[in-house]
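Enquirer: Take a look at work.txt, compact mmCIF, C-alpha atoms:
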```txt
# COMPACT_ATOMS: atom_id res chain seq x y z
CA MET A 215 91.48 108.87 113.99
CA ALA A 216 94.69 110.14 112.46
CA PRO A 217 97.01 111.98 114.81
CA VAL A 218 97.07 115.69 114.41
CA GLN A 219 100.32 116.75 112.82
CA PRO A 220 102.12 119.57 114.63
CA THR A 221 102.12 122.76 112.63
CA THR A 222 105.21 124.86 112.15
CA ARG A 223 104.69 128.47 113.08
CA PRO A 224 105.87 130.86 110.42
CA PRO A 225 108.85 132.97 111.45
CA PRO A 226 108.16 136.56 112.44
CA LEU A 227 108.40 139.22 109.76
CA PHE A 228 111.73 140.57 111.01
CA ALA A 229 113.17 137.06 111.24
CA LYS A 230 112.34 136.53 107.57
CA LEU A 231 113.73 139.87 106.49
CA LEU A 232 116.90 139.90 108.60
CA ARG A 233 118.60 136.99 106.87
CA LEU A 234 122.20 136.63 105.82
CA ASP A 235 121.22 135.23 102.45
CA ASN A 236 120.06 138.75 101.57
CA PRO A 237 122.35 141.01 103.63
CA ILE A 238 121.69 144.20 101.65
CA ARG A 239 117.95 143.99 102.26
CA SER A 240 118.53 143.18 105.92
CA LEU A 241 120.93 146.10 106.37
CA THR A 242 118.53 148.41 104.54
CA LEU A 243 115.66 147.42 106.83
CA ALA A 244 117.79 147.83 109.95
CA PHE A 245 119.20 151.16 108.74
CA TRP A 246 115.91 152.88 107.98
CA SER A 247 114.23 151.50 111.10
CA TRP A 248 117.03 152.98 113.21
CA LYS A 249 116.95 156.28 111.31
CA VAL A 250 113.19 156.67 111.75
CA LEU A 251 113.57 156.06 115.49
CA LEU A 252 116.36 158.64 115.79
CA TYR A 253 114.46 161.17 113.71
CA ILE A 254 111.42 160.83 115.98
CA VAL A 255 113.58 161.22 119.10
CA VAL A 256 115.20 164.45 117.82
CA ALA A 257 112.06 165.93 116.24
CA ALA A 258 109.96 165.23 119.34
CA CYS A 259 112.15 167.40 121.57
CA PRO A 260 110.03 170.43 122.55
CA GLY A 261 110.79 174.04 121.64
CA SER A 262 113.90 175.50 120.08
CA GLY A 263 116.11 173.97 122.75
CA TYR A 264 118.20 175.35 125.56
CA ASP A 265 120.24 177.43 123.10
CA THR A 266 118.33 179.60 120.62
CA SER A 267 121.14 179.95 118.08
CA THR A 268 119.11 178.07 115.47
CA SER A 269 116.67 180.98 115.35
CA LEU A 270 119.50 183.36 114.37
CA ILE A 271 120.04 181.81 110.95
CA SER A 272 116.30 181.98 110.23
CA TYR A 273 116.11 185.53 111.54
CA ALA A 274 119.00 186.62 109.33
CA ALA A 275 117.22 185.19 106.29
CA ASP A 276 113.76 186.61 107.05
CA PRO A 277 112.88 187.97 110.51
CA SER A 278 109.14 187.76 109.83
CA THR A 279 109.24 183.98 109.42
CA VAL A 280 110.79 183.10 112.78
CA THR A 281 108.21 181.18 114.79
CA SER A 282 108.29 178.06 116.92
CA GLU A 283 106.76 176.17 113.99
CA SER A 284 109.43 177.42 111.56
CA LEU A 285 112.13 175.97 113.82
CA SER A 286 110.71 172.47 113.63
CA GLY A 287 111.30 169.76 111.02
CA PRO A 288 114.77 169.82 109.46
CA LEU A 289 115.79 172.87 111.50
CA LYS A 290 115.49 170.63 114.57
CA PHE A 291 118.77 169.17 113.33
CA ALA A 292 120.43 172.60 113.08
CA ARG A 293 122.41 172.32 116.29
CA TRP A 294 125.96 173.20 117.30
CA ASP A 295 128.37 173.18 114.33
CA SER A 296 125.58 172.61 111.81
CA ILE A 297 124.48 176.22 112.38
CA TYR A 298 127.84 177.33 111.00
CA PHE A 299 127.61 174.87 108.11
CA LEU A 300 124.18 176.14 107.11
CA HIS A 301 125.16 179.79 107.45
CA ILE A 302 128.32 179.33 105.37
CA ALA A 303 126.40 177.38 102.73
CA GLU A 304 123.94 180.28 102.51
CA LYS A 305 126.28 183.27 102.76
CA GLY A 306 129.81 182.00 102.14
CA TYR A 307 132.79 182.51 104.47
CA LEU A 308 132.16 185.95 105.96
CA PHE A 309 134.28 185.63 109.10
CA GLU A 310 137.76 184.24 109.59
CA GLN A 311 136.75 181.87 112.38
CA GLU A 312 134.33 180.11 110.03
CA TRP A 313 137.29 178.53 108.23
CA ALA A 314 137.39 175.94 111.02
CA PHE A 315 134.43 174.31 109.28
CA GLY A 316 135.20 172.11 106.30
CA TRP A 317 135.16 173.92 102.97
CA GLY A 318 134.24 170.76 101.08
CA TYR A 319 131.07 170.13 103.08
CA THR A 320 129.79 173.71 103.00
CA LYS A 321 130.49 173.84 99.27
CA LEU A 322 128.52 170.64 98.74
CA LEU A 323 125.60 172.00 100.78
CA SER A 324 125.69 175.25 98.83
CA ILE A 325 125.64 173.48 95.45
CA PHE A 326 122.62 171.34 96.31
CA ALA A 327 120.77 174.23 97.99
CA SER A 328 121.41 176.40 94.91
CA GLY A 329 119.96 173.64 92.78
CA ILE A 330 116.75 173.80 94.81
CA ARG A 331 116.53 177.56 94.28
CA LEU A 332 117.17 177.28 90.55
CA SER A 333 114.41 174.69 90.26
CA GLY A 334 111.96 177.10 91.88
CA GLY A 335 111.95 175.57 95.35
CA ASP A 336 111.80 177.49 98.60
CA ALA A 337 115.07 179.13 99.56
CA GLY A 338 116.34 179.75 103.06
CA PRO A 339 117.87 177.90 106.00
CA ALA A 340 115.07 175.34 106.25
CA SER A 341 115.62 174.10 102.68
CA THR A 342 119.40 174.07 103.19
CA ALA A 343 118.92 172.14 106.44
CA MET A 344 116.72 169.65 104.59
CA VAL A 345 119.47 169.22 101.99
CA GLY A 346 121.95 168.55 104.80
CA VAL A 347 119.67 166.01 106.49
CA VAL A 348 119.02 164.17 103.22
CA LEU A 349 122.73 164.15 102.31
CA SER A 350 123.65 162.76 105.72
CA HIS A 351 121.06 159.98 105.52
CA VAL A 352 122.05 158.97 101.98
CA ALA A 353 125.79 159.11 102.74
CA HIS A 354 125.35 157.08 105.93
CA TYR A 355 123.32 154.43 104.09
CA LEU A 356 125.94 154.20 101.35
CA SER A 357 128.72 153.97 103.93
CA VAL A 358 126.94 151.01 105.57
CA LEU A 359 126.83 149.16 102.25
CA THR A 360 130.42 150.16 101.44
CA LEU A 361 131.67 148.88 104.79
CA TYR A 362 130.00 145.55 104.01
CA ARG A 363 131.92 145.35 100.72
CA LEU A 364 135.15 146.50 102.33
CA SER A 365 134.79 143.85 105.03
CA ALA A 366 134.33 141.23 102.32
CA ASN A 367 137.63 142.33 100.74
CA ILE A 368 139.43 141.97 104.05
CA PHE A 369 137.87 138.83 105.55
CA GLY A 370 136.44 137.11 102.48
CA HIS A 371 132.82 136.17 101.77
CA ALA A 372 132.94 132.50 100.84
CA THR A 373 131.62 131.05 104.11
CA ALA A 374 128.68 131.79 106.38
CA THR A 375 131.08 132.95 109.09
CA GLN A 376 132.71 135.45 106.74
CA HIS A 377 129.30 136.71 105.68
CA LEU A 378 128.40 137.14 109.34
CA ILE A 379 131.52 139.21 110.04
CA CYS A 380 130.77 141.49 107.09
CA PHE A 381 127.13 141.84 108.08
CA LEU A 382 127.73 142.56 111.76
CA SER A 383 130.44 145.11 110.98
CA ALA A 384 128.09 147.05 108.71
CA ALA A 385 125.26 146.71 111.25
CA LEU A 386 127.46 148.19 113.98
CA HIS A 387 128.09 151.20 111.76
CA ILE A 388 124.33 151.81 111.64
CA ILE A 389 124.22 152.36 115.41
CA SER A 390 127.52 154.20 115.49
CA PRO A 391 128.04 156.36 118.61
CA ALA A 392 127.94 159.34 116.25
CA GLY A 393 124.17 158.95 116.58
CA ALA A 394 122.21 162.06 115.59
CA PHE A 395 125.31 163.64 114.05
CA MET A 396 125.04 161.05 111.25
CA SER A 397 121.56 162.40 110.46
CA ALA A 398 122.08 166.13 110.96
CA PRO A 399 123.76 168.64 108.59
CA TYR A 400 127.24 167.50 109.60
CA GLY A 401 130.10 166.07 107.56
CA GLU A 402 130.56 162.85 109.57
CA SER A 403 128.43 160.58 107.39
CA ILE A 404 130.00 161.93 104.18
CA VAL A 405 133.51 161.42 105.57
CA SER A 406 132.55 157.87 106.58
CA PHE A 407 131.32 157.09 103.08
CA LEU A 408 134.33 158.64 101.35
CA ASN A 409 136.77 156.96 103.74
CA PHE A 410 135.17 153.53 103.44
CA ALA A 411 134.95 153.86 99.65
CA GLY A 412 138.61 154.89 99.53
CA PHE A 413 139.63 151.97 101.74
CA TYR A 414 137.56 149.61 99.59
CA LEU A 415 139.25 150.76 96.39
CA TYR A 416 142.70 150.64 97.99
CA SER A 417 142.16 147.09 99.26
CA SER A 418 140.82 146.19 95.80
CA SER A 419 144.05 147.55 94.31
CA LEU A 420 145.99 145.08 96.46
CA ILE A 421 143.87 142.27 95.04
CA ALA A 422 144.57 143.56 91.50
CA GLU A 423 148.31 143.77 92.33
CA ARG A 424 148.30 140.19 93.56
CA ASN A 425 146.56 139.10 90.36
CA GLY A 426 149.03 141.02 88.20
CA VAL A 427 146.47 143.48 86.79
CA THR A 428 148.67 146.57 87.09
CA ARG A 429 146.57 149.06 85.13
CA LEU A 430 143.44 148.31 87.17
CA ARG A 431 145.55 148.48 90.33
CA ASP A 432 146.79 152.00 89.50
CA ILE A 433 143.32 153.25 88.58
CA ARG A 434 141.94 152.03 91.90
CA VAL A 435 144.83 153.57 93.85
CA LEU A 436 144.41 156.99 92.25
CA THR A 437 140.61 156.91 92.57
CA SER A 438 140.95 156.11 96.27
CA ALA A 439 143.30 159.09 96.59
CA VAL A 440 140.65 161.37 95.08
CA LEU A 441 138.10 160.07 97.61
CA PHE A 442 140.48 160.62 100.52
CA ALA A 443 141.19 164.16 99.27
CA ALA A 444 137.44 164.84 99.17
CA ALA A 445 137.09 163.45 102.70
CA THR A 446 139.91 165.74 103.83
CA MET A 447 138.11 168.77 102.40
CA VAL A 448 135.06 167.81 104.46
CA ARG A 449 136.98 167.08 107.68
CA SER A 450 140.72 167.61 108.03
CA ASN A 451 141.26 164.28 109.80
CA GLY A 452 140.54 162.63 106.44
CA VAL A 453 144.18 163.30 105.56
CA LEU A 454 145.18 160.54 108.02
CA SER A 455 144.03 158.02 105.42
CA GLY A 456 147.00 159.15 103.34
CA PHE A 457 149.13 156.92 105.57
CA LEU A 458 148.22 154.03 103.26
CA PHE A 459 150.24 155.76 100.54
CA ALA A 460 153.11 156.60 102.91
CA TYR A 461 153.24 152.96 104.04
CA ASP A 462 153.45 151.58 100.53
CA ALA A 463 155.90 154.27 99.42
CA ALA A 464 158.23 153.31 102.29
CA VAL A 465 157.93 149.59 101.45
CA LEU A 466 158.67 150.20 97.77
CA ALA A 467 161.56 152.57 98.51
CA TRP A 468 163.14 149.96 100.78
CA LYS A 469 162.65 147.31 98.12
CA ILE A 470 164.41 149.49 95.55
CA LEU A 471 167.30 150.19 97.95
CA THR A 472 167.82 146.55 98.92
CA LYS A 473 166.98 144.68 95.72
CA GLY A 474 167.62 147.29 93.07
CA PRO A 475 165.16 149.21 90.89
CA THR A 476 162.89 147.58 88.35
CA LEU A 477 160.44 149.21 85.97
CA HIS A 478 157.55 147.67 87.91
CA THR A 479 158.60 149.03 91.31
CA ILE A 480 159.52 152.47 89.93
CA LEU A 481 156.17 152.90 88.19
CA ARG A 482 154.35 151.58 91.24
CA LEU A 483 156.22 154.04 93.49
CA ALA A 484 155.45 156.93 91.13
CA VAL A 485 151.72 156.12 91.25
CA ILE A 486 151.77 155.86 95.04
CA ILE A 487 153.59 159.19 95.45
CA PHE A 488 151.23 160.89 93.01
CA GLY A 489 148.27 159.45 94.93
CA GLY A 490 149.69 160.77 98.19
CA CYS A 491 149.97 164.23 96.64
CA ILE A 492 146.32 164.04 95.60
CA VAL A 493 145.34 163.24 99.21
CA GLY A 494 147.40 166.18 100.45
CA SER A 495 145.62 168.50 98.03
CA GLY A 496 142.52 168.05 100.17
CA LEU A 497 144.27 170.16 102.81
CA VAL A 498 146.07 172.53 100.45
CA ILE A 499 143.21 173.69 98.21
CA PRO A 500 141.07 175.27 100.99
CA GLN A 501 144.22 176.93 102.38
CA ILE A 502 144.97 178.48 98.99
CA LEU A 503 141.42 179.85 98.77
CA ALA A 504 141.72 181.38 102.25
CA TYR A 505 145.19 182.77 101.48
CA ARG A 506 143.86 184.57 98.42
CA MET A 507 141.06 186.04 100.54
CA TYR A 508 143.14 187.31 103.47
CA CYS A 509 146.76 187.56 102.37
CA VAL A 510 146.81 188.92 98.83
CA SER A 511 144.86 192.15 99.32
CA GLU A 512 146.53 195.41 100.31
CA GLY A 513 144.59 195.72 103.57
CA ASP A 514 145.54 194.40 106.99
CA ILE A 515 147.45 191.14 106.70
CA ARG A 516 146.43 188.47 109.18
CA PRO A 517 149.21 187.02 111.41
CA TRP A 518 149.01 183.53 109.89
CA CYS A 519 149.74 184.95 106.43
CA GLU A 520 153.36 185.48 107.48
CA TRP A 521 153.91 181.92 108.68
CA SER A 522 156.44 179.84 106.75
CA LEU A 523 153.52 177.48 106.00
CA PRO A 524 150.42 179.70 106.13
CA SER A 525 147.39 177.84 107.47
CA VAL A 526 144.10 179.56 108.19
CA TYR A 527 142.81 176.29 109.65
CA GLY A 528 145.64 175.99 112.17
CA TRP A 529 145.29 179.66 113.13
CA VAL A 530 141.53 179.58 113.55
CA GLN A 531 141.51 176.35 115.56
CA ASN A 532 144.10 177.70 117.98
CA HIS A 533 143.12 181.38 118.13
CA TYR A 534 139.33 181.12 118.16
CA TRP A 535 138.55 177.59 119.34
CA ASN A 536 141.46 176.92 121.74
CA VAL A 537 142.41 173.71 119.94
CA GLY A 538 146.03 172.75 120.54
CA PHE A 539 148.31 170.35 122.35
CA LEU A 540 146.87 169.75 125.86
CA GLY A 541 144.75 172.89 125.44
CA TYR A 542 141.64 170.92 126.43
CA TRP A 543 143.20 169.45 129.53
CA THR A 544 141.36 171.41 132.20
CA VAL A 545 139.52 170.32 135.32
CA SER A 546 136.17 171.46 133.92
CA ASN A 547 136.58 169.12 130.95
CA ILE A 548 137.12 165.97 133.02
CA PRO A 549 133.49 164.81 132.43
CA LEU A 550 134.07 165.05 128.67
CA PHE A 551 137.23 162.96 128.94
CA LEU A 552 135.23 160.36 130.88
CA LEU A 553 132.55 160.43 128.17
CA ALA A 554 135.18 159.84 125.49
CA ALA A 555 137.12 157.22 127.48
CA PRO A 556 135.24 154.08 126.26
CA MET A 557 135.65 155.04 122.60
CA LEU A 558 139.30 155.96 123.08
CA ALA A 559 139.91 152.62 124.80
CA ILE A 560 138.28 150.68 121.95
CA LEU A 561 140.25 152.63 119.34
CA CYS A 562 143.56 151.98 121.11
CA ARG A 563 142.84 148.32 121.77
CA SER A 564 141.72 147.64 118.21
CA THR A 565 144.79 149.47 116.87
CA LEU A 566 147.08 147.13 118.82
CA TRP A 567 144.99 144.15 117.69
CA ALA A 568 145.48 145.13 114.04
CA LEU A 569 149.22 145.74 114.42
CA GLN A 570 149.60 142.25 115.89
CA SER A 571 147.56 140.58 113.16
CA PRO A 572 149.51 138.27 110.80
CA SER A 573 149.53 139.05 107.08
CA SER A 574 150.86 136.77 104.39
CA SER A 575 152.31 139.56 102.22
CA SER A 576 152.23 143.31 101.73
CA THR A 577 149.81 142.88 98.83
CA SER A 578 147.28 140.70 100.66
CA PRO A 579 143.99 142.32 101.74
CA GLY A 580 144.76 141.17 105.29
CA SER A 581 147.72 143.54 105.36
CA MET A 582 145.19 146.38 105.18
CA LEU A 583 144.67 145.88 108.91
CA VAL A 584 148.22 147.09 109.56
CA ARG A 585 147.81 149.96 107.12
CA LEU A 586 144.57 151.05 108.81
CA ALA A 587 145.95 150.74 112.33
CA VAL A 588 148.16 153.83 112.16
CA PRO A 589 145.51 156.33 110.95
CA GLN A 590 143.08 155.15 113.62
CA GLY A 591 145.77 155.19 116.31
CA LEU A 592 146.82 158.70 115.32
CA LEU A 593 143.19 159.82 115.47
CA ALA A 594 142.87 158.50 119.02
CA VAL A 595 146.11 160.17 120.15
CA MET A 596 145.19 163.50 118.55
CA ALA A 597 141.71 163.40 120.09
CA LEU A 598 143.21 162.72 123.52
CA THR A 599 145.88 165.42 123.32
CA SER A 600 144.77 168.10 120.87
CA TYR A 601 141.05 167.97 119.98
CA HIS A 602 137.88 168.72 121.86
CA VAL A 603 138.02 165.17 123.13
CA GLN A 604 134.29 164.37 123.11
CA ILE A 605 134.10 164.59 119.31
CA ILE A 606 135.93 161.26 119.10
CA ASN A 607 132.53 159.60 119.63
CA ARG A 608 131.41 160.89 116.24
CA ILE A 609 134.55 161.23 114.11
CA SER A 610 135.53 157.63 114.88
CA SER A 611 132.55 156.55 112.78
CA GLY A 612 134.60 156.73 109.58
CA TYR A 613 137.27 154.23 110.68
CA PRO A 614 136.41 150.54 110.12
CA LEU A 615 139.05 148.87 112.28
CA TRP A 616 137.27 149.09 115.61
CA TYR A 617 134.05 147.65 114.16
CA TRP A 618 136.02 144.61 112.99
CA TYR A 619 137.71 144.28 116.36
CA LEU A 620 134.36 144.13 118.19
CA VAL A 621 132.85 141.70 115.69
CA THR A 622 135.82 139.31 115.62
CA SER A 623 135.70 139.19 119.41
CA ALA A 624 132.43 137.29 118.91
CA VAL A 625 132.98 135.58 115.55
CA ASP A 626 136.01 133.41 114.81
CA LEU A 627 137.00 132.90 111.18
CA SER A 628 138.49 129.51 112.03
CA SER A 629 135.25 128.25 113.56
CA SER A 630 131.63 128.18 112.45
CA SER A 631 130.34 128.70 115.99
CA PRO A 632 130.25 132.13 117.62
CA LYS A 633 132.34 132.86 120.69
CA GLN A 634 130.97 134.23 123.92
CA SER A 635 131.75 137.95 123.78
CA ARG A 636 130.67 140.27 126.52
CA THR A 637 132.62 143.01 124.76
CA LEU A 638 130.40 143.04 121.67
CA VAL A 639 127.16 142.73 123.65
CA ALA A 640 128.17 145.53 126.01
CA ALA A 641 129.24 147.69 123.06
CA VAL A 642 125.90 147.24 121.25
CA TYR A 643 123.80 148.04 124.31
CA SER A 644 126.00 151.02 125.16
CA MET A 645 125.93 152.42 121.62
CA VAL A 646 122.14 152.15 121.37
CA ALA A 647 121.59 153.73 124.79
CA TYR A 648 124.12 156.48 124.13
CA ALA A 649 122.64 157.31 120.71
CA LEU A 650 119.11 157.63 122.11
CA ILE A 651 120.19 159.77 125.06
CA GLN A 652 122.39 161.83 122.78
CA GLY A 653 119.43 162.31 120.41
CA VAL A 654 117.41 163.90 123.21
CA LEU A 655 120.31 166.14 124.22
CA PHE A 656 121.01 167.06 120.59
CA GLY A 657 117.38 167.93 119.85
CA SER A 658 117.25 170.05 123.02
CA PHE A 659 120.49 171.84 122.09
CA LEU A 660 122.25 170.53 125.18
CA PRO A 661 125.86 169.33 125.46
CA PRO A 662 127.88 167.27 124.86
CA ALA A 663 128.33 168.06 121.18
```
Is it possible to give me this structure as structure tokens?
Expert:
Amino acid sequence: MAPVQPTTRPPPLFAKLLRLDNPIRSLTLAFWSWKVLLYIVVAACPGSGYDTSTSLISYAADPSTVTSESLSGPLKFARWDSIYFLHIAEKGYLFEQEWAFGWGYTKLLSIFASGIRLSGGDAGPASTAMVGVVLSHVAHYLSVLTLYRLSANIFGHATATQHLICFLSAALHIISPAGAFMSAPYGESIVSFLNFAGFYLYSSSLIAERNGVTRLRDIRVLTSAVLFAAATMVRSNGVLSGFLFAYDAAVLAWKILTKGPTLHTILRLAVIIFGGCIVGSGLVIPQILAYRMYCVSEGDIRPWCEWSLPSVYGWVQNHYWNVGFLGYWTVSNIPLFLLAAPMLAILCRSTLWALQSPSSSSTSPGSMLVRLAVPQGLLAVMALTSYHVQIINRISSGYPLWYWYLVTSAVDLSSSSPKQSRTLVAAVYSMVAYALIQGVLFGSFLPPA
């Protein structure tokens, strides 16, 4: 009797799908699985939550429609700042303090919501909230894929180890500590996508520069500037990405001073300076719109109109929201500093890691680590000293450096075998647990926000 041959058990479904030979499909599966779980967690929270502010935007639209059922679905994600975003998208900027909320994001919401109305769809806060939820999901998904491509520019994609670094970095972004804020009508996911896309194009311009393709290089630089300007209109911290232009402008200026000007360096410097101006326009354009609203009329002139550099954003943040240097440093906010401490520590440590990283030349993609270190470091310092510190857990989502730091603690480019990394394992478990707990708190309209 012939011996029975052992049979090989087929791999589980997820093992077949989550394969590095098809990273996009694997990331897509992981992304939507995580999003469905988070959506269920938020939507399953009972009632309108501890705070009933969500009902106010529905009441203002149509008092007769405000019921417990009407505040379910997409309006479950109308919490905290998203209430302002939805109201502004519906009504425009009616109050000065609303200018703390990004003009670019509310404008985008308004455009898409108006499109629904013009096509005969239902108008009102629920439809605008649905637009915001859909935009956040799509932007987050695109930012995951963009981070994968950006990582490939920085670390390469020729070997299995390089593929693993790119894949794990993008996967970490899926479970970002921003959690429910990446699904709700907030600007975080859009800023992440615009930032990552801008970084990708800028790193691609360095590759074009190294290959001597100057026209393609300049197109990529200026396109990245447009993306950073758009990110800045959504959230003001997007302007920090303009450091890439300041860095290269300083390098080129020094080169001209020490080695003399050439047509190549002068044209390159002109493109970089023009790109930096484009990034800055992301801050300037909303300020001009607000200035025309409050400072040109013959009525009462607001105090900020008389500043040497008028800024409605700076005035509103300080006057209405108590945002300023050490303004958040109070005893009652100690728990929020403790909540933000792990993220701040990772941001600072990964910034130092990037600054110490070797780079072969200023045009190599590896030199992007140094360029990206300063914006992330500035974000951490500003969050610690001048922001509502707990928001660092969500606004850090749009900065790729700390994802790479965690992943490279477990994967070594010089070796095909993974390293033992308690840091990465602890980070993954902590991010998943925090996102799920945060989802319950968010859906119940409970802090921290």
Enquirer: Which polymer residues, whether protein, DNA or RNA, lie within 12 Å of the coordinate (116.2, 166.3, 110.3) when you count only C-alpha atoms? List them as a PyMOL selection string, using the chain letters and numbers from the file.
Expert: chain A and resi 249-258+285-293+296+340-351+394-400+653+656-657
Enquirer: Pick out the residues sitting within 9 Å of A:Val440, and hand them over as a VMD selection string; count only C-alpha atoms, and ignore anything fewer than 4 positions along from it in its own chain.
Expert: chain A and resid 412 435 to 436 444 to 445 489 492 to 493 496
Enquirer: Which neighbours of A:Gly401 fall inside 7 Å, counting only C-alpha atoms, when residues of the same chain fewer than 2 positions from it are skipped, and could you give them as a short mmCIF file (atom, residue, chain, number, x, y, z; two decimals) with C-alpha atoms, keeping the file's coordinate frame?
Expert:
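part18.cif, written as the output of this step:
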```cif
data_model
loop_
_atom_site.label_atom_id
_atom_site.label_comp_id
_atom_site.auth_asym_id
_atom_site.auth_seq_id
_atom_site.Cartn_x
_atom_site.Cartn_y
_atom_site.Cartn_z
CA TYR A 319 131.07 170.13 103.08
CA PRO A 399 123.76 168.64 108.59
CA SER A 403 128.43 160.58 107.39
CA ILE A 404 130.00 161.93 104.18
CA VAL A 405 133.51 161.42 105.57
CA VAL A 448 135.06 167.81 104.46
CA ARG A 449 136.98 167.08 107.68
#
```
Enquirer: Leaving out stretch 468-478 of chain A and any residue of its chain fewer than 4 positions from it, which residues lie within 12 Å of it when counting only C-alpha atoms, given as a PyMOL selection string?
Expert: chain A and resi 423+426-429+432+461-464+482-485+576
Enquirer: For A:Asn367, which residue among A:Phe488, A:Phe381, A:Tyr355, A:Tyr414 is the nearest when counting all atoms listed in the file?
Expert: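 Of all the options, A:Tyr414 lies closest to A:Asn367.
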Enquirer: Restricting the calculation to all atoms listed in the file, which member of A:Pro237, A:Glu520, A:Ile297, A:Arg585 is positioned closest to A:Leu378?
Expert: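 When distances to A:Leu378 are compared using all atoms listed in the file, the smallest one comes from A:Pro237.
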Enquirer: Using only C-alpha atoms, which residues sit within 9 Å of A:Gln376 once same-chain residues fewer than 4 positions away are excluded, as a PyMOL selection string?
Expert: chain A and resi 365-366+369-372+380-381+625-627
Enquirer: Hey, can you pull every residue with an atom no more than 12 Å from (140.1, 153.2, 125.5), using all atoms listed in the file, and send it as a short mmCIF file (atom, residue, chain, number, x, y, z; two decimals) with C-alpha atoms, in the coordinates of the input?
Expert:
```cif
data_model
loop_
_atom_site.label_atom_id
_atom_site.label_comp_id
_atom_site.auth_asym_id
_atom_site.auth_seq_id
_atom_site.Cartn_x
_atom_site.Cartn_y
_atom_site.Cartn_z
CA PHE A 551 137.23 162.96 128.94
CA LEU A 552 135.23 160.36 130.88
CA LEU A 553 132.55 160.43 128.17
CA ALA A 554 135.18 159.84 125.49
CA ALA A 555 137.12 157.22 127.48
CA PRO A 556 135.24 154.08 126.26
CA MET A 557 135.65 155.04 122.60
CA LEU A 558 139.30 155.96 123.08
CA ALA A 559 139.91 152.62 124.80
CA ILE A 560 138.28 150.68 121.95
CA LEU A 561 140.25 152.63 119.34
CA CYS A 562 143.56 151.98 121.11
CA ARG A 563 142.84 148.32 121.77
CA SER A 564 141.72 147.64 118.21
CA THR A 565 144.79 149.47 116.87
CA LEU A 566 147.08 147.13 118.82
CA GLY A 591 145.77 155.19 116.31
CA ALA A 594 142.87 158.50 119.02
CA VAL A 595 146.11 160.17 120.15
CA ALA A 597 141.71 163.40 120.09
CA LEU A 598 143.21 162.72 123.52
CA ILE A 606 135.93 161.26 119.10
CA ASN A 607 132.53 159.60 119.63
CA TRP A 616 137.27 149.09 115.61
#
```
Enquirer: Which one of A:Met582, A:Ala392, A:Ile486, A:Ile330 sits closest to A:Leu364 if you count all atoms listed in the file?
Expert: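 Result for the nearest residue to A:Leu364: A:Met582.
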Enquirer: Atom CA of A:Leu430 to atom CA of A:Ser418: how many Å, to one decimal?
Expert: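 About the pair atom CA of A:Leu430 and atom CA of A:Ser418: they are 9.3 Å apart.
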Enquirer: Between A:Gln590, A:Thr320, A:Ser658, A:Asn532, which has the minimum distance to A:Trp294 (counting all atoms listed in the file)?
Expert: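 Among the listed residues, A:Ser658 lies closest to A:Trp294.
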Enquirer: Have a look at atom CA of A:Thr268 and atom CA of A:Leu550 and let me know their distance in Å, one decimal.
Expert: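 The value is 23.8 Å.
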Enquirer: Using the file's own x, y and z axes, what box holds all listed atoms of stretch 438-444 of chain A with 3 Å on each side, keeping edges along x, y and z, and what are its centre and edge lengths in Å to one decimal, as JSON?
Expert:
```
{"center_x": 140.4, "center_y": 160.5, "center_z": 97.8, "size_x": 11.9, "size_y": 14.7, "size_z": 11.4}
```
Enquirer: So which residues touch A:Ala647 within 10 Å, counting all atoms listed in the file, skipping near sequence neighbours fewer than 5 positions away, as a PyMOL selection string?
Expert: chain A and resi 389+391+641-642+652-653
Enquirer: Between atom CA of A:Val537 and atom CA of A:Tyr601, what is the spacing in Å?
Expert: 5.9 Å
Enquirer: Can you patch up stretch 596-601 of chain A, filling it in to N, CA, C and O atoms, and show the result as a compact mmCIF listing (two decimals), keeping the file's coordinate frame?
Expert:
```txt
# COMPACT_ATOMS: atom_id res chain seq x y z
N MET A 596 145.47 162.09 118.79
CA MET A 596 145.19 163.50 118.55
C MET A 596 143.93 163.95 119.29
O MET A 596 143.86 165.06 119.81
N ALA A 597 142.92 163.06 119.35
CA ALA A 597 141.71 163.40 120.09
C ALA A 597 142.01 163.55 121.58
O ALA A 597 141.47 164.43 122.25
N LEU A 598 142.87 162.68 122.10
CA LEU A 598 143.21 162.72 123.52
C LEU A 598 144.05 163.95 123.87
O LEU A 598 143.87 164.54 124.94
N THR A 599 144.92 164.36 122.97
CA THR A 599 145.88 165.42 123.32
C THR A 599 145.55 166.79 122.72
O THR A 599 145.94 167.81 123.30
N SER A 600 144.85 166.84 121.59
CA SER A 600 144.77 168.10 120.87
C SER A 600 143.38 168.52 120.42
O SER A 600 143.20 169.67 120.01
N TYR A 601 142.40 167.62 120.43
CA TYR A 601 141.05 167.97 119.98
C TYR A 601 140.17 168.32 121.18
O TYR A 601 140.57 168.17 122.34
```
